[in-house]
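Peer 1: For reference, the file final_3.txt (compact mmCIF, C-alpha atoms) is included below:
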```
# COMPACT_ATOMS: atom_id res chain seq x y z
CA MET A 1 29.82 13.34 31.97
CA ALA A 2 29.57 14.49 28.38
CA THR A 3 26.86 14.21 25.78
CA ASP A 4 27.21 14.70 22.03
CA PRO A 5 23.98 15.79 20.27
CA ALA A 6 25.45 14.53 16.98
CA LYS A 7 24.81 11.03 18.37
CA TYR A 8 21.12 11.65 19.09
CA LYS A 9 18.42 10.06 16.95
CA LEU A 10 14.81 10.94 16.28
CA ASN A 11 13.76 7.47 17.34
CA HIS A 12 9.99 7.38 17.17
CA SER A 13 6.68 9.19 16.93
CA MET A 14 3.83 8.08 19.18
CA ILE A 15 0.16 8.09 18.23
CA ARG A 16 -2.77 6.73 20.21
CA VAL A 17 -4.94 4.16 18.49
CA LYS A 18 -8.43 2.81 19.12
CA ASP A 19 -7.93 -0.79 17.95
CA PRO A 20 -4.32 -2.04 17.91
CA LYS A 21 -5.11 -5.05 15.72
CA GLN A 22 -6.41 -2.83 12.92
CA SER A 23 -3.60 -0.29 13.29
CA VAL A 24 -0.79 -2.86 13.42
CA LYS A 25 -2.30 -4.52 10.34
CA PHE A 26 -2.27 -1.20 8.44
CA TYR A 27 1.35 -0.33 9.24
CA GLU A 28 2.46 -3.90 8.52
CA PHE A 29 0.68 -3.62 5.16
CA LEU A 30 2.87 -0.55 4.55
CA GLY A 31 5.85 -2.87 5.03
CA MET A 32 6.67 -2.20 8.66
CA LYS A 33 7.46 -4.93 11.18
CA LEU A 34 6.43 -5.13 14.83
CA ILE A 35 9.89 -4.94 16.41
CA ASN A 36 8.89 -4.46 20.07
CA THR A 37 5.84 -4.63 22.32
CA ILE A 38 5.71 -3.27 25.86
CA LYS A 39 2.65 -4.39 27.81
CA ASN A 40 1.51 -2.48 30.88
CA PRO A 41 -1.51 -4.41 32.22
CA ASP A 42 -1.33 -2.69 35.63
CA ALA A 43 -1.70 0.73 34.00
CA LYS A 44 -4.04 -0.72 31.34
CA PHE A 45 -2.13 0.28 28.24
CA ASP A 46 0.17 -1.42 25.72
CA LEU A 47 2.80 -0.02 23.35
CA TYR A 48 3.52 -1.38 19.87
CA PHE A 49 6.70 -0.33 18.04
CA LEU A 50 6.78 -0.73 14.25
CA ALA A 51 9.67 -0.02 11.90
CA TYR A 52 11.13 -0.96 8.53
CA ASP A 53 13.39 -3.92 9.22
CA SER A 54 14.08 -5.78 5.96
CA PRO A 55 17.71 -6.19 4.82
CA LYS A 56 17.08 -3.11 2.63
CA ALA A 57 15.93 -1.00 5.59
CA ALA A 58 18.00 1.92 6.87
CA SER A 59 18.40 0.48 10.39
CA HIS A 60 17.88 -3.24 9.77
CA ALA A 61 18.27 -5.43 12.89
CA ASN A 62 19.35 -2.55 15.17
CA HIS A 63 18.20 -2.45 18.79
CA TRP A 64 14.95 -0.48 18.87
CA THR A 65 16.60 2.40 20.75
CA ASP A 66 19.32 2.64 18.07
CA ARG A 67 16.98 3.41 15.19
CA GLU A 68 15.16 6.25 13.53
CA GLY A 69 11.74 6.13 11.91
CA ILE A 70 9.80 4.01 14.41
CA VAL A 71 6.05 4.44 14.83
CA GLU A 72 4.83 3.79 18.39
CA LEU A 73 1.16 2.90 18.75
CA THR A 74 -0.34 3.39 22.22
CA HIS A 75 -3.49 1.44 23.07
CA ASN A 76 -5.47 2.22 26.22
CA TYR A 77 -7.48 -0.85 27.18
CA GLY A 78 -11.14 -0.78 26.27
CA THR A 79 -11.07 1.85 23.52
CA GLU A 80 -11.51 -0.82 20.84
CA SER A 81 -14.97 -1.71 22.18
CA ASP A 82 -16.08 1.84 22.98
CA PRO A 83 -18.32 3.17 20.18
CA GLU A 84 -17.86 6.73 21.48
CA TYR A 85 -14.05 6.68 21.45
CA LYS A 86 -12.21 8.39 18.65
CA ILE A 87 -8.89 10.15 18.38
CA VAL A 88 -8.22 13.63 17.00
CA ASN A 89 -5.87 13.39 14.05
CA GLY A 90 -4.41 16.90 14.47
CA ASN A 91 -5.87 18.23 11.22
CA THR A 92 -9.32 19.38 12.32
CA GLU A 93 -10.26 22.67 13.96
CA PRO A 94 -9.98 23.56 16.77
CA TYR A 95 -7.48 20.78 17.45
CA LYS A 96 -4.83 21.34 14.80
CA GLY A 97 -1.23 20.56 15.70
CA PHE A 98 0.30 17.26 14.61
CA GLY A 99 -0.08 16.92 10.86
CA HIS A 100 1.07 13.56 9.54
CA LEU A 101 3.55 10.74 9.31
CA CYS A 102 5.31 10.37 5.96
CA VAL A 103 6.50 7.22 4.20
CA SER A 104 8.76 7.51 1.14
CA VAL A 105 8.27 4.80 -1.47
CA ASP A 106 9.99 3.44 -4.56
CA ASN A 107 6.95 3.72 -6.85
CA ILE A 108 4.27 6.11 -5.67
CA GLN A 109 1.66 5.16 -8.29
CA ALA A 110 1.91 1.45 -7.49
CA ALA A 111 2.09 2.08 -3.73
CA CYS A 112 -1.12 4.13 -3.82
CA GLN A 113 -2.88 1.56 -6.01
CA ARG A 114 -1.87 -1.22 -3.62
CA LEU A 115 -3.35 0.67 -0.65
CA GLU A 116 -6.52 1.47 -2.58
CA ASP A 117 -6.93 -2.16 -3.67
CA ALA A 118 -6.66 -3.22 -0.02
CA GLY A 119 -9.59 -0.95 0.83
CA TYR A 120 -7.74 1.84 2.61
CA LYS A 121 -9.05 5.37 2.21
CA PHE A 122 -7.23 8.51 1.11
CA GLN A 123 -7.33 12.11 2.27
CA LYS A 124 -5.70 13.06 -1.04
CA LYS A 125 -5.10 10.77 -4.00
CA LEU A 126 -2.27 11.42 -6.45
CA THR A 127 -4.77 12.75 -8.98
CA ASP A 128 -6.39 15.23 -6.56
CA GLY A 129 -5.42 18.90 -6.58
CA ARG A 130 -2.37 20.49 -8.13
CA MET A 131 0.34 18.41 -6.46
CA ARG A 132 0.53 15.17 -8.45
CA SER A 133 3.64 13.84 -6.73
CA ILE A 134 2.28 13.30 -3.19
CA ALA A 135 -0.69 11.50 -1.71
CA PHE A 136 -2.17 11.16 1.78
CA ALA A 137 -3.55 7.81 2.89
CA LEU A 138 -5.66 7.46 6.03
CA ASP A 139 -4.83 4.93 8.71
CA PRO A 140 -7.66 3.19 10.65
CA ASP A 141 -7.95 6.10 13.10
CA GLY A 142 -7.93 8.77 10.39
CA TYR A 143 -4.33 9.88 10.91
CA TRP A 144 -2.82 11.19 7.69
CA VAL A 145 0.08 9.21 6.20
CA GLU A 146 1.82 11.14 3.44
CA LEU A 147 3.37 9.16 0.59
CA ILE A 148 6.30 10.67 -1.30
CA SER A 149 8.53 9.21 -3.99
CA GLN A 150 12.20 8.24 -3.81
CA ASN A 151 12.30 8.25 -7.64
CA PRO A 152 11.14 10.67 -10.34
CA VAL A 153 7.35 10.28 -10.52
CA GLU A 154 7.34 10.16 -14.32
CA ALA A 155 9.88 7.28 -14.26
CA THR A 156 7.51 4.96 -12.38
CA GLU A 157 4.32 5.82 -14.24
CA ASN A 158 4.06 2.56 -16.20
CA ILE A 159 5.57 0.23 -13.59
CA LYS A 160 3.02 -1.80 -11.64
CA GLU A 161 5.26 -3.20 -8.90
CA THR A 162 6.28 -1.66 -5.58
CA ASP A 163 8.78 -3.13 -3.10
CA VAL A 164 7.73 -2.35 0.49
CA GLU A 165 11.17 -3.44 1.71
CA THR A 166 12.62 -0.24 0.23
CA TYR A 167 10.18 2.09 2.02
CA ARG A 168 11.32 4.58 4.67
CA MET A 169 9.46 6.19 7.58
CA ASN A 170 10.71 9.53 6.33
CA HIS A 171 9.30 12.24 8.59
CA THR A 172 6.81 13.44 11.16
CA MET A 173 5.10 16.79 10.63
CA ILE A 174 3.99 19.18 13.36
CA ARG A 175 2.70 22.73 12.98
CA VAL A 176 4.55 25.49 14.83
CA LYS A 177 3.43 28.98 15.80
CA ASP A 178 6.79 30.78 15.63
CA PRO A 179 9.43 29.26 13.31
CA GLU A 180 12.29 31.28 14.78
CA LYS A 181 11.64 29.95 18.27
CA SER A 182 11.06 26.39 17.07
CA LEU A 183 14.11 26.30 14.79
CA LYS A 184 16.30 27.68 17.57
CA PHE A 185 14.96 25.06 19.98
CA TYR A 186 15.39 22.07 17.68
CA GLN A 187 18.83 23.16 16.49
CA ASP A 188 20.40 24.67 19.62
CA VAL A 189 18.75 22.54 22.30
CA MET A 190 17.99 19.25 20.54
CA GLY A 191 21.06 19.40 18.30
CA MET A 192 19.28 18.80 14.98
CA LYS A 193 20.44 20.09 11.60
CA LEU A 194 18.24 22.06 9.23
CA HIS A 195 18.37 19.97 6.05
CA ARG A 196 15.85 21.69 3.82
CA ILE A 197 13.47 24.68 3.61
CA SER A 198 10.47 24.79 1.30
CA GLU A 199 8.98 28.29 0.98
CA ASN A 200 5.43 28.55 -0.32
CA LYS A 201 4.85 32.29 -0.39
CA ASP A 202 1.73 32.17 -2.56
CA ALA A 203 0.05 29.71 -0.18
CA LYS A 204 1.57 31.53 2.84
CA PHE A 205 3.34 28.64 4.55
CA ASN A 206 6.89 27.35 4.90
CA LEU A 207 8.20 23.88 5.65
CA TYR A 208 11.41 23.20 7.56
CA PHE A 209 12.99 19.72 7.58
CA LEU A 210 15.35 18.87 10.42
CA GLY A 211 17.24 15.70 11.32
CA TYR A 212 20.35 14.13 12.74
CA GLY A 213 23.08 12.37 10.78
CA PRO A 214 25.07 13.67 7.81
CA ASP A 215 24.19 16.88 5.98
CA ALA A 216 21.72 16.39 3.17
CA PRO A 217 22.78 17.22 -0.40
CA LYS A 218 21.19 20.37 -1.79
CA GLN A 219 19.93 18.47 -4.80
CA THR A 220 20.11 15.08 -6.50
CA ALA A 221 21.01 14.23 -10.07
CA ASN A 222 17.49 13.07 -10.88
CA GLY A 223 15.76 16.05 -9.28
CA VAL A 224 14.07 14.01 -6.55
CA ASN A 225 13.72 15.41 -3.03
CA PRO A 226 17.28 14.86 -1.68
CA ILE A 227 16.03 13.71 1.73
CA ALA A 228 13.40 11.27 0.45
CA ASP A 229 15.61 8.27 1.26
CA ARG A 230 16.18 9.33 4.89
CA GLU A 231 14.43 8.29 8.09
CA GLY A 232 13.82 10.17 11.33
CA LEU A 233 13.20 13.66 9.99
CA LEU A 234 11.03 16.30 11.61
CA GLU A 235 8.99 18.63 9.41
CA LEU A 236 7.91 21.92 10.97
CA THR A 237 5.04 23.66 9.18
CA TRP A 238 4.60 27.39 9.72
CA ASN A 239 1.52 29.22 8.47
CA TYR A 240 2.33 32.90 8.05
CA GLY A 241 1.00 35.24 10.72
CA THR A 242 0.51 32.83 13.61
CA GLU A 243 3.64 34.14 15.33
CA THR A 244 2.12 37.61 15.82
CA ASP A 245 -1.23 36.42 17.21
CA PRO A 246 -0.99 36.45 21.03
CA ASN A 247 -4.01 34.16 21.41
CA PHE A 248 -2.95 31.57 18.83
CA LYS A 249 -1.82 28.13 19.93
CA TYR A 250 -1.70 24.60 18.55
CA HIS A 251 -3.17 21.49 20.18
CA ASN A 252 -0.37 19.20 21.39
CA GLY A 253 -2.39 15.97 21.17
CA ASN A 254 -2.06 15.25 24.90
CA ASP A 255 -4.64 17.73 26.13
CA GLN A 256 -8.20 16.46 25.65
CA PRO A 257 -9.29 15.31 23.11
CA GLN A 258 -6.18 13.20 22.55
CA GLY A 259 -4.40 11.73 19.53
CA PHE A 260 -0.70 12.30 18.77
CA GLY A 261 1.44 11.84 21.87
CA HIS A 262 5.09 12.73 21.33
CA ILE A 263 8.28 12.41 19.38
CA CYS A 264 11.19 10.62 21.05
CA MET A 265 14.92 11.31 20.88
CA THR A 266 17.36 8.62 21.97
CA VAL A 267 20.62 9.98 23.36
CA ASP A 268 24.16 8.79 24.01
CA ASP A 269 24.09 9.42 27.77
CA LEU A 270 20.69 10.02 29.35
CA ASP A 271 21.89 11.67 32.57
CA ALA A 272 24.36 13.92 30.75
CA ALA A 273 21.81 14.85 28.10
CA CYS A 274 19.23 15.79 30.73
CA SER A 275 21.87 17.88 32.56
CA ARG A 276 22.57 19.66 29.27
CA PHE A 277 18.85 20.31 28.72
CA GLU A 278 18.66 21.71 32.25
CA GLU A 279 21.54 24.09 31.47
CA LYS A 280 19.71 25.14 28.29
CA GLY A 281 16.72 26.13 30.42
CA VAL A 282 14.16 23.76 28.89
CA ASN A 283 10.62 23.41 30.14
CA TRP A 284 10.18 19.93 31.59
CA LYS A 285 7.08 17.80 31.43
CA LYS A 286 8.85 15.09 33.42
CA ARG A 287 12.38 15.08 34.78
CA LEU A 288 14.25 11.78 35.07
CA THR A 289 13.78 11.88 38.82
CA ASP A 290 10.01 12.44 38.68
CA GLY A 291 7.59 9.58 39.22
CA ARG A 292 8.31 5.87 39.09
CA MET A 293 9.88 5.66 35.64
CA LYS A 294 13.52 6.72 36.04
CA ASN A 295 14.54 5.77 32.50
CA ILE A 296 12.60 8.41 30.58
CA ALA A 297 12.23 12.18 30.65
CA PHE A 298 9.94 14.52 28.74
CA VAL A 299 10.90 17.99 27.49
CA LEU A 300 8.38 20.51 26.13
CA ASP A 301 9.08 22.35 22.87
CA PRO A 302 7.98 25.99 22.27
CA ASP A 303 4.50 24.82 21.19
CA ASN A 304 4.10 22.47 24.15
CA TYR A 305 4.62 19.30 22.11
CA TRP A 306 6.12 16.54 24.24
CA ILE A 307 9.60 15.17 23.43
CA GLU A 308 10.51 11.93 25.17
CA ILE A 309 14.18 11.41 26.00
CA VAL A 310 15.46 7.81 26.22
CA GLN A 311 18.88 6.14 26.42
CA ASN A 312 20.27 4.63 23.21
CA GLU A 313 21.06 1.18 24.60
CA LYS A 314 23.67 0.43 21.93
CA LEU A 315 25.80 3.35 23.13
CA LYS A 316 25.32 2.77 26.86
CA GLN A 317 23.27 0.16 28.65
CA ARG A 318 20.80 1.46 31.15
CA SER A 319 17.47 -0.34 30.89
CA ASN A 320 16.33 -3.85 30.13
CA TRP A 321 13.61 -2.77 27.71
```
Could I get this file's structure written as structure tokens?
Peer 2:
Amino acid sequence: MATDPAKYKLNHSMIRVKDPKQSVKFYEFLGMKLINTIKNPDAKFDLYFLAYDSPKAASHANHWTDREGIVELTHNYGTESDPEYKIVNGNTEPYKGFGHLCVSVDNIQAACQRLEDAGYKFQKKLTDGRMRSIAFALDPDGYWVELISQNPVEATENIKETDVETYRMNHTMIRVKDPEKSLKFYQDVMGMKLHRISENKDAKFNLYFLGYGPDAPKQTANGVNPIADREGLLELTWNYGTETDPNFKYHNGNDQPQGFGHICMTVDDLDAACSRFEEKGVNWKKRLTDGRMKNIAFVLDPDNYWIEIVQNEKLKQRSNW
């Protein structure tokens, strides 16, 4: 019974939503396709899985467990008609933790204009602040969706078209208290590679980008972020000083009030992978043998974020999802 972490994938990121119709509409407007729905009427919740799936997409037509860059929307029945219900987006005190999803686009000016024309709001427009190469749109629940460019920003300035079929669900950002502990966990335990580090000493924060798959080039010929065309990356954000504060902790999105739920890794052999995690001494939220659902496990990272572990059905059949 062997497992090879090089075959793992960062399959999806789960967020809870108030009204699935509005949320599905938003992510479909961003070019995603609803590739799977799992309804759980007995437990009164449904799951919606969206991903880029055009012929130009990175994992076009793959089984949903054999992909990266999926967004899972979780809807608990009744929230859509509850005027009091709202999620926490992970960016407000005292509930900071999850930061954003990020979509990389072919033409960032046109992509932003298209969203604005459709009536969607922004946390940060391209023209706001010092950074003129990124924007943050807001989804219907107020989650931040970062937009970055796959091409030099100056090259697309006067082009009005954008092709959503070329978009990528590039990364998911979470804040971490202690980068050494988190980097060790995601590299040694989860088997990810550190593709890129962005140090921002003046602003006192660093960004670490991890993922599976081939090593990323250090730079590209046109100077664009060399991992902008990838899917399934994890961005860890560390604000200097949090690691030495014994009382500091981030909100994992699953404690009340809720919002972000988890990231999910699909693995080559679920039983073998869970045995390996056990040997690595992980903290479990749910072992495979716990509860009724024997096809999923949940590991806790150093900041108590949940990581779902699921079988990649292309590599080994286990479940009839």
Peer 1: Can you tell me which residues surround Ile38 in chain A at a distance of at most 9 Å, considering all atoms listed in the file, apart from same-chain residues fewer than 5 positions away, and format the answer as a PyMOL selection string?
Peer 2: chain A and resi 45-49+321
Peer 1: Wanna dump the range 15-106 of chain A-range 261-264 of chain A contacts at 10 Å for me, each residue with its shortest atom pair and the distance in Å to one decimal, counting only C-alpha atoms, ordered by chain and number, as a Markdown table?
Peer 2:
```
| residue | atom | partner | partner_atom | distance |
| --- | --- | --- | --- | --- |
| A:Ile15 | CA | A:Gly261 | CA | 5.4 |
| A:Arg16 | CA | A:Gly261 | CA | 6.8 |
| A:Thr65 | CA | A:Cys264 | CA | 9.8 |
| A:Glu68 | CA | A:Cys264 | CA | 9.6 |
| A:Ile70 | CA | A:Cys264 | CA | 9.5 |
| A:Val71 | CA | A:Ile263 | CA | 9.4 |
| A:Glu72 | CA | A:Ile263 | CA | 9.3 |
| A:Leu73 | CA | A:Gly261 | CA | 9.5 |
| A:Thr74 | CA | A:Gly261 | CA | 8.6 |
| A:Phe98 | CA | A:Gly261 | CA | 9.1 |
```
Peer 1: Hey, can you spit out that residue selection with C-alpha atoms as a PDB file, in the frame of the given file?
Peer 2:
```pdb
ATOM      1  CA  ILE A  15       0.160   8.090  18.230  1.00  0.00           C
ATOM      2  CA  ARG A  16      -2.770   6.730  20.210  1.00  0.00           C
ATOM      3  CA  THR A  65      16.600   2.400  20.750  1.00  0.00           C
ATOM      4  CA  GLU A  68      15.160   6.250  13.530  1.00  0.00           C
ATOM      5  CA  ILE A  70       9.800   4.010  14.410  1.00  0.00           C
ATOM      6  CA  VAL A  71       6.050   4.440  14.830  1.00  0.00           C
ATOM      7  CA  GLU A  72       4.830   3.790  18.390  1.00  0.00           C
ATOM      8  CA  LEU A  73       1.160   2.900  18.750  1.00  0.00           C
ATOM      9  CA  THR A  74      -0.340   3.390  22.220  1.00  0.00           C
ATOM     10  CA  PHE A  98       0.300  17.260  14.610  1.00  0.00           C
TER      11      PHE A  98
END
```
Peer 1: Using only C-alpha atoms, find the one residue out of A:Ile227, A:Glu157, A:Tyr27, A:Asp178 that sits nearest to Val145 in chain A.
Peer 2: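 Result for the nearest residue to Val145 in chain A: A:Tyr27.
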Peer 1: At a cut-off of 8 Å, using all atoms listed in the file, what residues contact range 108-113 of chain A? Leave out same-chain residues fewer than 2 positions from it and give the result as a list of chain:residue names.
Peer 2: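 So the residues in contact are A:Val105, A:Asp106, A:Leu115, A:Glu116, A:Asp117, A:Lys125, A:Leu126, A:Ser133, A:Ile134, A:Ala135, A:Leu147, A:Ile148, A:Ser149, A:Val153, A:Thr156, A:Glu157, A:Ile159, A:Lys160, A:Glu161, A:Thr162.
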Peer 1: Per residue of range 181-270 of chain A within 6 Å of range 163-171 of chain A, record the nearest atom pair and its distance in Å to one decimal, counting all atoms listed in the file, with rows in chain order and ascending residue number, as a Markdown table.
Peer 2:
```
| residue | atom | partner | partner_atom | distance |
| --- | --- | --- | --- | --- |
| A:Arg230 | CA | A:Asn170 | CA | 5.7 |
| A:Glu231 | CA | A:Asn170 | CA | 4.3 |
| A:Gly232 | CA | A:His171 | CA | 5.7 |
| A:Leu233 | CA | A:His171 | CA | 4.4 |
| A:Leu234 | CA | A:His171 | CA | 5.3 |
```
Peer 1: For the selection you just gave me, I'd like the residues written to a file as a PDB file, in the coordinates of the input, keeping C-alpha atoms.
Peer 2:
```pdb
ATOM      1  CA  ARG A 230      16.180   9.330   4.890  1.00  0.00           C
ATOM      2  CA  GLU A 231      14.430   8.290   8.090  1.00  0.00           C
ATOM      3  CA  GLY A 232      13.820  10.170  11.330  1.00  0.00           C
ATOM      4  CA  LEU A 233      13.200  13.660   9.990  1.00  0.00           C
ATOM      5  CA  LEU A 234      11.030  16.300  11.610  1.00  0.00           C
TER       6      LEU A 234
END
```
Peer 1: Under the rule that all atoms listed in the file are counted, which of A:Ala203, A:Ala272, A:Ile174, A:Ile197 is the nearest residue to Pro302 in chain A?
Peer 2: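 The closest residue to Pro302 in chain A is A:Ile174.
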Peer 1: Would you compute the distance between CA of Lys193 in chain A and CA of Arg175 in chain A? Give it in Å to one decimal.
Peer 2: 18.0 Å
Peer 1: Can you work out which one of A:Gly78, A:Asp66, A:Asn91, A:Leu207 has the shortest atom-to-atom distance to Pro41 in chain A, counting all atoms listed in the file?
Peer 2: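 Using all atoms listed in the file, the shortest distance to Pro41 in chain A belongs to A:Gly78.
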Peer 1: Nearest to Phe209 in chain A among A:Lys316, A:Thr172, A:Thr244, A:Glu93, with distances taken over all atoms listed in the file: which residue is it?
Peer 2: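 Closest to Phe209 in chain A, using all atoms listed in the file: A:Thr172.
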Peer 1: Just to confirm, what's the straight-line distance from CA of Tyr186 in chain A to CA of Asp255 in chain A in Å (one decimal)?
Peer 2: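 Interatomic distance, CA of Tyr186 in chain A to CA of Asp255 in chain A: 22.2 Å.
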Peer 1: Determine the nearest neighbour of Arg276 in chain A from the options A:Met190, A:Val224, A:Leu183, A:Val176, counting all atoms listed in the file.
Peer 2: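 For Arg276 in chain A, the nearest of the candidates is A:Met190.
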Peer 1: Hey, can I get the axis-aligned box for range 117-125 of chain A? All listed atoms, 4 Å padding on each side, centre and edge lengths in Å to one decimal, as JSON.
Peer 2:
```
{"center_x": -7.3, "center_y": 4.9, "center_z": -0.7, "size_x": 12.5, "size_y": 24.3, "size_z": 14.6}
```
Peer 1: Tell me, as a VMD selection string, which residues lie within 12 Å of Glu308 in chain A, counting all atoms listed in the file; anything in the same chain fewer than 3 positions away does not count.
Peer 2: chain A and resid 9 to 14 190 261 to 267 270 274 284 to 288 295 to 301 305 311
Peer 1: Generate a file of the selected residues that holds C-alpha atoms, formatted as a PDB file, keeping the file's coordinate frame.
Peer 2:
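The new file selection_1.pdb reads:
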```
ATOM      1  CA  LYS A   9      18.420  10.060  16.950  1.00  0.00           C
ATOM      2  CA  LEU A  10      14.810  10.940  16.280  1.00  0.00           C
ATOM      3  CA  ASN A  11      13.760   7.470  17.340  1.00  0.00           C
ATOM      4  CA  HIS A  12       9.990   7.380  17.170  1.00  0.00           C
ATOM      5  CA  SER A  13       6.680   9.190  16.930  1.00  0.00           C
ATOM      6  CA  MET A  14       3.830   8.080  19.180  1.00  0.00           C
ATOM      7  CA  MET A 190      17.990  19.250  20.540  1.00  0.00           C
ATOM      8  CA  GLY A 261       1.440  11.840  21.870  1.00  0.00           C
ATOM      9  CA  HIS A 262       5.090  12.730  21.330  1.00  0.00           C
ATOM     10  CA  ILE A 263       8.280  12.410  19.380  1.00  0.00           C
ATOM     11  CA  CYS A 264      11.190  10.620  21.050  1.00  0.00           C
ATOM     12  CA  MET A 265      14.920  11.310  20.880  1.00  0.00           C
ATOM     13  CA  THR A 266      17.360   8.620  21.970  1.00  0.00           C
ATOM     14  CA  VAL A 267      20.620   9.980  23.360  1.00  0.00           C
ATOM     15  CA  LEU A 270      20.690  10.020  29.350  1.00  0.00           C
ATOM     16  CA  CYS A 274      19.230  15.790  30.730  1.00  0.00           C
ATOM     17  CA  TRP A 284      10.180  19.930  31.590  1.00  0.00           C
ATOM     18  CA  LYS A 285       7.080  17.800  31.430  1.00  0.00           C
ATOM     19  CA  LYS A 286       8.850  15.090  33.420  1.00  0.00           C
ATOM     20  CA  ARG A 287      12.380  15.080  34.780  1.00  0.00           C
ATOM     21  CA  LEU A 288      14.250  11.780  35.070  1.00  0.00           C
ATOM     22  CA  ASN A 295      14.540   5.770  32.500  1.00  0.00           C
ATOM     23  CA  ILE A 296      12.600   8.410  30.580  1.00  0.00           C
ATOM     24  CA  ALA A 297      12.230  12.180  30.650  1.00  0.00           C
ATOM     25  CA  PHE A 298       9.940  14.520  28.740  1.00  0.00           C
ATOM     26  CA  VAL A 299      10.900  17.990  27.490  1.00  0.00           C
ATOM     27  CA  LEU A 300       8.380  20.510  26.130  1.00  0.00           C
ATOM     28  CA  ASP A 301       9.080  22.350  22.870  1.00  0.00           C
ATOM     29  CA  TYR A 305       4.620  19.300  22.110  1.00  0.00           C
ATOM     30  CA  GLN A 311      18.880   6.140  26.420  1.00  0.00           C
TER      31      GLN A 311
END
```
Peer 1: Using all atoms listed in the file, which of the listed residues (A:Phe26, A:Ser319, A:Glu279, A:Leu210) sits closest to Lys121 in chain A?
Peer 2: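 Closest candidate: A:Phe26.
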